[in-house]
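Below is one structure, written out as structure tokens, with a few remarks after it.
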Amino acid sequence: MYTAPFTYRKATSLAEALQLLQQDPEAKLLAGGHSLIPAMKLRLAAPSTLIDISKLSELRGVRREGETLVIGAMTTYREIENHPLVRELCPLIPQVLRHVGDPMVRAKGTIGGSLAHADPAADLPAAMLALGARIKAQGPGGARVIEAEEFFTGMFSTALQEGEILTEVHIPIRPGARTAYAKFPHPASRYAVVGVAVVVDGGEVRAAVTGAGEHAMRLGKLEQALSGKPLTAEAISAACQNLLSPEGLNHDLAASREYRAHLVDVMAKRALMQALGL
């Protein structure tokens with residue numbers, strides 16, 4: 001299907017992109033395009049203007065700032081997956097990205113595009129929550145930083161305000177943390193029916209799930225059951241029971257609410273066992 005008519009603008013700087021957004025409230029940003037273009041072809045999205053930010057080098061790259069790993073919003077999955085700093089300081093992200101799409105998708109898809117799109121079955125949001133990431137956004141009123149737990153607000157909905165652009169992702173460096181991501185993929189799309197990311201940092205256990213509900217969420221019940229306690233196989237098995245109530249979970253042809261609740265338990269256990277080498 002063809003898209004609705006739209007105006008195409010190519011931004012040459014972040015300042016220009018912000019200015020173009022102010023001129024047209026119905027405009028959408030074009031990053032990798034793997035999510036937006038199909039939605040436009042299905043007429044699920046009909047922006048009046050597309051603002052192409054794919055060539056903004058100021059939004060691309062990986063660097064370390066003290067105890068924080070900073071990733072530019074326009075950095076592609078492939079760049080992140082292969083970057084030595086990411087592999088050394090935050091191995092969970094390459095673990096997660098290996099589950100995303102295929103090599104062609106990872107060559108074009110961007111971390112900022114994924115997080116701003118906030119697909120309820122995307123892989124990266126669970127990792128951001130488990131890692132305690134923060135999202136930096138730039139708008140007409142200046143820059144602000146949003147905690148990942150406050151960023152995802154609903155299905156395809158985030159805390160970004162009108163006219164704001166996601167510019168960076170800030171990830172705390174957790175030396176010695178053990179991490180893993182376990183995913184039950186949809187057989188056709190490869191999106192997560194359920195995916196669970198875990199971070200075991202000393203005595204603290206952090207876990208988050210994607211695909212189960214309207215947006216990625218922390219698994220507080222699991223974290224409370226295991227943090228500060230011996231992490232044996234028996235303890236993990238006991239904790240990974242009835243982590244989420246089926247009520248309110250997603251229900252579709254891929255999985256019922258009840259089956260998704262079961263998958264959350266299974267994927268959480270699998271991720272923890274993998275992270276701990278049990």
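Going through the structure tokens in order, the chains are called A, B, and so on, while each chain numbers its residues from 1 and the ligands are numbered from 1 in the order shown.
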field: Contacts of Pro172 of chain A within 8 Å, only C-alpha atoms, excl. fewer than 4 positions in-chain, as a ChimeraX atom specification
entry: /A:67-69,131-133
Using only N, CA and C atoms, please write the residues we just selected to a file, as an mmCIF file, in the first residue's frame.
```
data_model
loop_
_atom_site.group_PDB
_atom_site.id
_atom_site.type_symbol
_atom_site.label_atom_id
_atom_site.label_comp_id
_atom_site.auth_asym_id
_atom_site.auth_seq_id
_atom_site.Cartn_x
_atom_site.Cartn_y
_atom_site.Cartn_z
ATOM 1 N N GLU A 67 31.598 7.064 35.076
ATOM 2 C CA GLU A 67 31.016 5.729 35.280
ATOM 3 C C GLU A 67 29.750 5.537 34.464
ATOM 4 N N THR A 68 29.670 6.259 33.349
ATOM 5 C CA THR A 68 28.495 6.171 32.479
ATOM 6 C C THR A 68 28.924 5.898 31.040
ATOM 7 N N LEU A 69 28.233 4.983 30.401
ATOM 8 C CA LEU A 69 28.410 4.732 28.975
ATOM 9 C C LEU A 69 27.360 5.545 28.230
ATOM 10 N N LEU A 131 19.097 -2.188 33.220
ATOM 11 C CA LEU A 131 20.381 -1.514 33.421
ATOM 12 C C LEU A 131 20.251 -0.210 34.203
ATOM 13 N N GLY A 132 19.031 0.292 34.369
ATOM 14 C CA GLY A 132 18.849 1.578 35.039
ATOM 15 C C GLY A 132 19.298 2.739 34.177
ATOM 16 N N ALA A 133 19.036 2.662 32.877
ATOM 17 C CA ALA A 133 19.472 3.694 31.935
ATOM 18 C C ALA A 133 18.672 4.978 32.113
#
```
DSSP strand (DSSP E) selection over segment 56-199 of chain A, as a ChimeraX atom specification: /A:62-65,68-72,134-139,142-147,152-154,157-158,165-172,178-185,192-199
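With only C-alpha atoms taken into account, the protein and nucleic acid residues at most 7 Å from segment 11-18 of chain A (excluding it and anything under 5 positions from it in its own chain) are Ile51, Asp52, Ile53, Leu56, Gly139, Pro140 and Gly163 of chain A.
In terms of minimum interatomic distance to His117 of chain A, A:Phe156 ranks closest within A:Tyr77, A:Phe151, A:Tyr181, A:Phe156, counting only C-alpha atoms.
The nearest approach to Leu276 of chain A among the residues A:Ala233, A:Ile135, A:Ala31, A:Val264, with only C-alpha atoms taken into account, belongs to A:Ala233.
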task: Record the distance separating atom CA of Pro47 of chain A and atom CA of Phe6 of chain A, expressed in Å with one decimal.
output: 6.6 Å
task: Just list the residues in segment 55-259 of chain A DSSP gives alpha helix (DSSP H) on the backbone, as a VMD selection string.
output: chain A and resid 77 to 82 84 to 89 92 to 97 103 to 108 111 to 117 124 to 131 148 to 151 220 to 226 233 to 239 257 to 259
Proximity to Cys240 of chain A - best of A:Leu272, A:Ile146, A:Ala188, A:Ala212, only C-alpha atoms: A:Leu272
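Considering the residues A:Gly176, A:Gly220, A:Gly154, A:Pro185 and counting only C-alpha atoms, Leu92 of chain A has its shortest atom-to-atom contact with A:Gly176.
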message: For Leu50 of chain A, find every residue with an atom within 6 Å (counting only C-alpha atoms), except residues of its own chain fewer than 3 positions away, and show them as a PyMOL selection string.
response: chain A and resi 8+27-29
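Excluding Glu204 of chain A itself and same-chain residues fewer than 2 positions from it, the residues having an atom within 8 Å of it are Val200, Asp201, Gly202, Arg206, Glu223, Leu226, Ser227 and Gly228 of chain A, counting only C-alpha atoms.
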For the residues selected in the previous step, produce a file with C-alpha atoms as a tab-separated table (two decimals), in the first residue's frame.
```tsv
chain	number	residue	atom	x	y	z
A	200	VAL	CA	22.92	-9.34	38.79
A	201	ASP	CA	25.15	-6.70	40.35
A	202	GLY	CA	26.62	-7.90	43.62
A	206	ARG	CA	17.36	-6.21	38.43
A	223	GLU	CA	13.82	-8.50	42.30
A	226	LEU	CA	16.19	-12.58	45.10
A	227	SER	CA	18.09	-9.39	45.92
A	228	GLY	CA	20.46	-9.85	48.84
```
- prompt: Between A:Gln95, A:Thr110, A:Ser157, A:Asn82, which one has atoms that come closest to Ala275 of chain A, using only C-alpha atoms?
  reply: A:Gln95
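Residue nearest Glu214 of chain A, chosen from A:Leu59, A:Ile236, A:Leu129, A:Ala122 and counting only C-alpha atoms: A:Ala122.
The two atoms in question, atom CA of Glu26 of chain A and atom CA of Ala73 of chain A, are spaced 21.2 Å apart.
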query: If you count only C-alpha atoms, which residues fall within 10 Å of His34 of chain A, apart from same-chain ones fewer than 5 positions away, as a PyMOL selection string?
result: chain A and resi 39+105-106+108-110+113-114
Keeping only all heavy atoms, write the selected residues as a compact mmCIF listing (two decimals), in the first residue's frame.
```txt
# COMPACT_ATOMS: atom_id res chain seq x y z
N ALA A 39 4.55 1.37 8.97
CA ALA A 39 3.32 1.93 9.55
C ALA A 39 2.68 2.94 8.61
O ALA A 39 1.45 3.01 8.50
CB ALA A 39 3.64 2.59 10.89
N VAL A 105 18.52 -5.35 9.20
CA VAL A 105 17.82 -4.50 10.16
C VAL A 105 18.81 -3.85 11.11
O VAL A 105 18.73 -2.65 11.41
CB VAL A 105 16.77 -5.32 10.94
CG1 VAL A 105 16.23 -4.52 12.12
CG2 VAL A 105 15.63 -5.74 10.03
N ARG A 106 19.77 -4.63 11.60
CA ARG A 106 20.73 -4.10 12.56
C ARG A 106 21.68 -3.08 11.93
O ARG A 106 22.27 -2.26 12.62
CB ARG A 106 21.50 -5.24 13.21
CG ARG A 106 20.62 -6.15 14.07
CD ARG A 106 21.43 -7.04 14.98
NE ARG A 106 22.16 -8.07 14.27
CZ ARG A 106 21.66 -9.26 13.91
NH1 ARG A 106 20.40 -9.54 14.20
NH2 ARG A 106 22.41 -10.14 13.29
N LYS A 108 20.70 -0.73 9.88
CA LYS A 108 19.99 0.53 9.73
C LYS A 108 19.27 0.99 11.00
O LYS A 108 19.12 2.19 11.23
CB LYS A 108 18.95 0.40 8.60
CG LYS A 108 19.55 0.24 7.22
CD LYS A 108 20.26 1.50 6.75
CE LYS A 108 19.27 2.62 6.44
NZ LYS A 108 19.95 3.84 5.95
N GLY A 109 18.78 0.05 11.79
CA GLY A 109 18.04 0.42 12.99
C GLY A 109 18.92 1.14 14.00
O GLY A 109 20.11 0.86 14.12
N THR A 110 18.33 2.07 14.74
CA THR A 110 19.08 2.88 15.71
C THR A 110 18.51 2.70 17.11
O THR A 110 17.32 2.44 17.29
CB THR A 110 19.03 4.37 15.34
OG1 THR A 110 17.67 4.83 15.44
CG2 THR A 110 19.54 4.60 13.92
N GLY A 113 15.85 5.38 17.77
CA GLY A 113 14.60 5.11 17.06
C GLY A 113 13.78 4.04 17.75
O GLY A 113 12.56 4.17 17.87
N SER A 114 14.45 2.99 18.22
CA SER A 114 13.74 1.92 18.90
C SER A 114 13.09 2.41 20.19
O SER A 114 11.92 2.13 20.45
CB SER A 114 14.71 0.77 19.22
OG SER A 114 14.08 -0.21 20.02
```
message: I'd like the neighbourhood of Val196 of chain A as a ChimeraX atom specification, where a residue qualifies if any of its atoms comes within 7 Å (using only C-alpha atoms), though same-chain residues fewer than 3 positions away should be ignored.
response: /A:126,181-183,207-210,267-268,271
Could those selected residues go to a file with C-alpha atoms, as a CSV table (one decimal), in the first residue's frame?
```
chain,number,residue,atom,x,y,z
A,126,ALA,CA,13.7,-4.3,28.7
A,181,TYR,CA,18.5,-11.8,27.9
A,182,ALA,CA,16.1,-14.6,27.3
A,183,LYS,CA,13.5,-14.3,24.6
A,207,ALA,CA,15.0,-7.7,35.9
A,208,ALA,CA,12.6,-6.3,33.2
A,209,VAL,CA,10.2,-7.8,30.7
A,210,THR,CA,9.1,-6.8,27.2
A,267,MET,CA,12.2,-16.6,30.4
A,268,ALA,CA,13.0,-15.0,33.8
A,271,ALA,CA,17.9,-15.5,31.9
```
